[in-house]
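Q: Structure below; questions to follow.
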Amino acid sequence: MKAESSEVSFVGHLGEMRRRIIFTLIAFLVSLCGAFVYVKEIYRWLVRDLEFKLAILAPSDVIWVYLKLAGVIAIAVTLPVAAYQIWLFVKPALKPQEQRATLAYIPWLPILFVGGIVFGYFVIYPMVLQFLEGMSGDFSTLYTADKYFSFMLSMTLPFGLLFEMPVTVMFLTRIGVLSPARLAKGRKLSYFILTVTAVLITPPDIMSDVLVIIPLFVLFELSVGLSKWVHGKKEKLGTA
């Protein structure tokens with residue numbers, strides 16, 4: 001009887017997860033369609049400083065470029081929706097205080113995502129592009145729209161996701177998945193992963209690496225500090 005009850009509960013959780021995922025996908029598709037309405041204006045703003053027109057190799061390239069740009073906007077819009085669906089899924093397992101506290105993190109997700117994109121676009125992307133253009137001085141260059149924006153997104157999108165680290169750590173600490181002790185224990189490994197990430201996405205010179213590594217380390221230490229703060233508040237509420 002107990003086994004049957006557990007099986008029914010498991011199936012119910014799977015059904016609930018499926019509903020949350022479907023709702024998130026619908027939100028992404030709606031956001032993608034909405035962003036696609038304004039994608040031409042976004043494209044023109046991004047190429048405003050270029051002294052040449054980007055080339056396309058096939059008519060379908062235009063669609064792919066617009067989809068990539070609209071996709072980034074859709075991700076930013078969908079992030080709080082996805083976070084809210086996750087919160088609804090874990091809500092039954094949270095105490096009332098934890099429900100209110102974790103819900104307050106959600107509005108910060110799109111803000112931090114956009115902040116990471118802005119950092120990548122105005123700091124990392126021009127630095128890397130200038131370095132590569134300096135190396136290609138002996139070559140005749142032709143930039144296609146698809147390659148240009150694929151390169152741009154590879155320099156900006158990862159930072160949008162990395163800037164979510166503090167809020168994600170706070171949320172996972174609040175629900176008991178992470179703790180300051182675990183984060184401190186994994187500090188060396190985290191530093192190594194962040195350093196490798198910075199080296200891979202920046203030009204091969206020490207100054208560029210340092211300019212990226214320092215913000216990533218600051219983000220990690222900020223996440224550890226916020227985890228300690230959340231953990232301390234959680235313990236105080238538990239004691240009370």
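Within each chain, counting starts at residue 1; across the structure tokens, chains are named A, B, ... in the order shown, with ligands numbered 1 upward in that order.
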Determine, counting only C-alpha atoms, which protein, DNA and RNA residues have an atom within 9 Å of an atom of stretch 129-145 of chain A; residues of the same chain fewer than 2 positions away are not included. Present the result as a list in words.
A: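 That gives Lys53, Leu54, Ala55, Ile56, Leu57, Asp61, Val62, Val65, Ile124, Tyr125, Pro126, Met127, Lys147, Tyr148, Phe149, Ser150, Met152 and Pro203 of chain A.
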Q: If we count only C-alpha atoms, what is near A:Leu32 at a cut-off of 8 Å, once residues fewer than 6 positions away on the same chain are taken out, given as a PyMOL selection string?
A: chain A and resi 70-71+73-74
Q: One number please: atom CA of A:Gly120 to atom CA of A:Ala184, in Å, one decimal.
A: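 Atom CA of A:Gly120 sits 27.1 Å away from atom CA of A:Ala184.
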Q: Would you work out the distance separating atom CA of A:Ile75 from atom CA of A:Phe113, expressed in Å to one decimal?
A: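 Those two atoms sit 9.1 Å apart.
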Q: Among stretch 15-105 of chain A, which ones does DSSP assign to alpha helix (DSSP H) (computed from the backbone)? Answer as number ranges by chain.
A: A: 15-37, 39-46, 60-90, 96-103
Q: I'd like to know which of A:Ser227, A:Leu157, A:Val81, A:Thr102 is closest to A:Val114, using only C-alpha atoms.
A: A:Leu157
Q: In terms of the shortest atom-to-atom distance over only C-alpha atoms, which of A:Tyr43, A:Pro107, A:Thr156, A:Tyr121 is closest to A:Ala82?
A: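 Ranked by minimum distance to A:Ala82, first place goes to A:Pro107.
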Q: Which residues are close to A:Gly116, i.e. within 6 Å by only C-alpha atoms, leaving aside same-chain residues fewer than 2 positions away? Reply as a list of chain:residue names.
A: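 The contact residues come out as A:Phe113, A:Val114, A:Val118, A:Phe119, A:Phe159, A:Gly160, A:Phe163.
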Q: Need the shell around stretch 229-236 of chain A: protein/DNA/RNA residues with any atom at most 10 Å away, counting only C-alpha atoms. Skip same-chain ones fewer than 3 positions apart. Format as a VMD selection string?
A: chain A and resid 97 to 98 101 169 to 176 178 to 180 223 to 226 239 to 240
Q: How about saving the chosen residues, all heavy atoms kept, as a compact mmCIF listing (two decimals), in the first residue's frame?
A:
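Result file follows (result.txt):
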```txt
# COMPACT_ATOMS: atom_id res chain seq x y z
N GLN A 97 7.93 31.18 5.28
CA GLN A 97 8.99 32.20 5.22
C GLN A 97 9.90 31.97 4.02
O GLN A 97 10.33 32.91 3.35
CB GLN A 97 9.82 32.20 6.51
CG GLN A 97 9.02 32.48 7.75
CD GLN A 97 8.58 31.18 8.44
OE1 GLN A 97 8.37 30.16 7.78
NE2 GLN A 97 8.42 31.25 9.75
N GLU A 98 10.21 30.69 3.75
CA GLU A 98 11.08 30.35 2.62
C GLU A 98 10.39 30.64 1.29
O GLU A 98 11.03 31.06 0.33
CB GLU A 98 11.48 28.88 2.70
CG GLU A 98 12.38 28.55 3.87
CD GLU A 98 12.65 27.05 4.00
OE1 GLU A 98 11.81 26.26 3.53
OE2 GLU A 98 13.70 26.69 4.55
N ALA A 101 10.69 34.39 0.76
CA ALA A 101 12.07 34.81 0.53
C ALA A 101 12.56 34.40 -0.86
O ALA A 101 13.19 35.19 -1.57
CB ALA A 101 12.98 34.22 1.60
N VAL A 169 22.72 30.90 -6.44
CA VAL A 169 23.31 30.37 -5.19
C VAL A 169 22.42 30.70 -4.00
O VAL A 169 22.21 29.86 -3.11
CB VAL A 169 24.73 30.94 -5.00
CG1 VAL A 169 25.24 30.66 -3.59
CG2 VAL A 169 25.68 30.32 -6.02
N MET A 170 21.88 31.92 -3.96
CA MET A 170 20.99 32.29 -2.86
C MET A 170 19.75 31.40 -2.83
O MET A 170 19.33 30.94 -1.76
CB MET A 170 20.58 33.76 -3.01
CG MET A 170 21.69 34.75 -2.75
SD MET A 170 21.20 36.46 -3.11
CE MET A 170 20.05 36.76 -1.78
N PHE A 171 19.18 31.16 -4.00
CA PHE A 171 17.98 30.31 -4.07
C PHE A 171 18.29 28.88 -3.61
O PHE A 171 17.55 28.30 -2.80
CB PHE A 171 17.44 30.31 -5.50
CG PHE A 171 16.26 29.41 -5.70
CD1 PHE A 171 14.99 29.81 -5.28
CD2 PHE A 171 16.39 28.17 -6.30
CE1 PHE A 171 13.89 28.99 -5.46
CE2 PHE A 171 15.30 27.33 -6.48
CZ PHE A 171 14.05 27.74 -6.06
N LEU A 172 19.39 28.32 -4.11
CA LEU A 172 19.74 26.94 -3.75
C LEU A 172 20.13 26.83 -2.28
O LEU A 172 19.89 25.80 -1.65
CB LEU A 172 20.90 26.45 -4.64
CG LEU A 172 20.56 26.30 -6.13
CD1 LEU A 172 21.80 25.87 -6.92
CD2 LEU A 172 19.43 25.27 -6.33
N THR A 173 20.71 27.88 -1.73
CA THR A 173 21.02 27.88 -0.29
C THR A 173 19.74 27.92 0.52
O THR A 173 19.61 27.23 1.54
CB THR A 173 21.91 29.09 0.07
OG1 THR A 173 23.11 29.04 -0.70
CG2 THR A 173 22.26 29.07 1.55
N ARG A 174 18.79 28.72 0.06
CA ARG A 174 17.54 28.87 0.80
C ARG A 174 16.76 27.56 0.87
O ARG A 174 16.13 27.25 1.90
CB ARG A 174 16.68 29.95 0.13
CG ARG A 174 15.50 30.39 0.94
CD ARG A 174 15.93 31.19 2.15
NE ARG A 174 14.82 31.46 3.05
CZ ARG A 174 14.90 32.25 4.10
NH1 ARG A 174 16.04 32.85 4.39
NH2 ARG A 174 13.85 32.43 4.88
N ILE A 175 16.79 26.77 -0.22
CA ILE A 175 16.04 25.52 -0.22
C ILE A 175 16.88 24.34 0.29
O ILE A 175 16.41 23.21 0.29
CB ILE A 175 15.46 25.21 -1.61
CG1 ILE A 175 16.57 24.95 -2.62
CG2 ILE A 175 14.54 26.32 -2.07
CD1 ILE A 175 16.07 24.55 -4.00
N GLY A 176 18.13 24.61 0.70
CA GLY A 176 18.94 23.58 1.33
C GLY A 176 19.81 22.75 0.41
O GLY A 176 20.47 21.81 0.87
N LEU A 178 22.45 23.97 -1.43
CA LEU A 178 23.82 24.44 -1.23
C LEU A 178 23.98 24.99 0.18
O LEU A 178 23.00 25.31 0.85
CB LEU A 178 24.17 25.54 -2.24
CG LEU A 178 24.50 25.11 -3.67
CD1 LEU A 178 24.82 26.34 -4.51
CD2 LEU A 178 25.67 24.13 -3.71
N SER A 179 25.23 25.11 0.60
CA SER A 179 25.55 25.72 1.88
C SER A 179 26.88 26.45 1.74
O SER A 179 27.68 26.13 0.85
CB SER A 179 25.65 24.65 2.98
OG SER A 179 26.77 23.82 2.76
N PRO A 180 27.14 27.44 2.60
CA PRO A 180 28.43 28.15 2.53
C PRO A 180 29.62 27.20 2.68
O PRO A 180 30.66 27.41 2.05
CB PRO A 180 28.36 29.12 3.71
CG PRO A 180 26.90 29.32 3.95
CD PRO A 180 26.25 28.02 3.61
N SER A 223 28.77 35.48 -4.37
CA SER A 223 27.82 34.39 -4.21
C SER A 223 28.04 33.67 -2.88
O SER A 223 27.08 33.32 -2.19
CB SER A 223 27.96 33.39 -5.37
OG SER A 223 27.72 34.01 -6.61
N VAL A 224 29.31 33.47 -2.51
CA VAL A 224 29.62 32.82 -1.22
C VAL A 224 29.13 33.69 -0.07
O VAL A 224 28.53 33.19 0.89
CB VAL A 224 31.13 32.56 -1.09
CG1 VAL A 224 31.46 32.02 0.31
CG2 VAL A 224 31.59 31.56 -2.15
N GLY A 225 29.38 35.00 -0.15
CA GLY A 225 28.94 35.91 0.91
C GLY A 225 27.42 35.93 1.03
O GLY A 225 26.88 35.92 2.14
N LEU A 226 26.73 35.96 -0.10
CA LEU A 226 25.27 35.95 -0.07
C LEU A 226 24.74 34.62 0.46
O LEU A 226 23.73 34.58 1.16
CB LEU A 226 24.72 36.20 -1.48
CG LEU A 226 24.93 37.63 -2.02
CD1 LEU A 226 24.53 37.71 -3.48
CD2 LEU A 226 24.14 38.63 -1.20
N THR A 239 15.65 28.61 14.38
CA THR A 239 15.76 28.67 15.84
C THR A 239 14.53 29.33 16.45
O THR A 239 13.98 28.90 17.47
CB THR A 239 17.03 29.45 16.25
OG1 THR A 239 18.15 28.85 15.65
CG2 THR A 239 17.18 29.45 17.76
N ALA A 240 14.09 30.43 15.79
CA ALA A 240 12.91 31.11 16.34
C ALA A 240 11.68 30.23 16.25
O ALA A 240 10.82 30.23 17.14
CB ALA A 240 12.67 32.41 15.53
```
Q: If you measure from atom CA of A:Phe217 to atom CA of A:Gln99, what distance in Å do you get, rounded to one decimal?
A: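 Straight-line distance from atom CA of A:Phe217 to atom CA of A:Gln99 works out to 29.6 Å.
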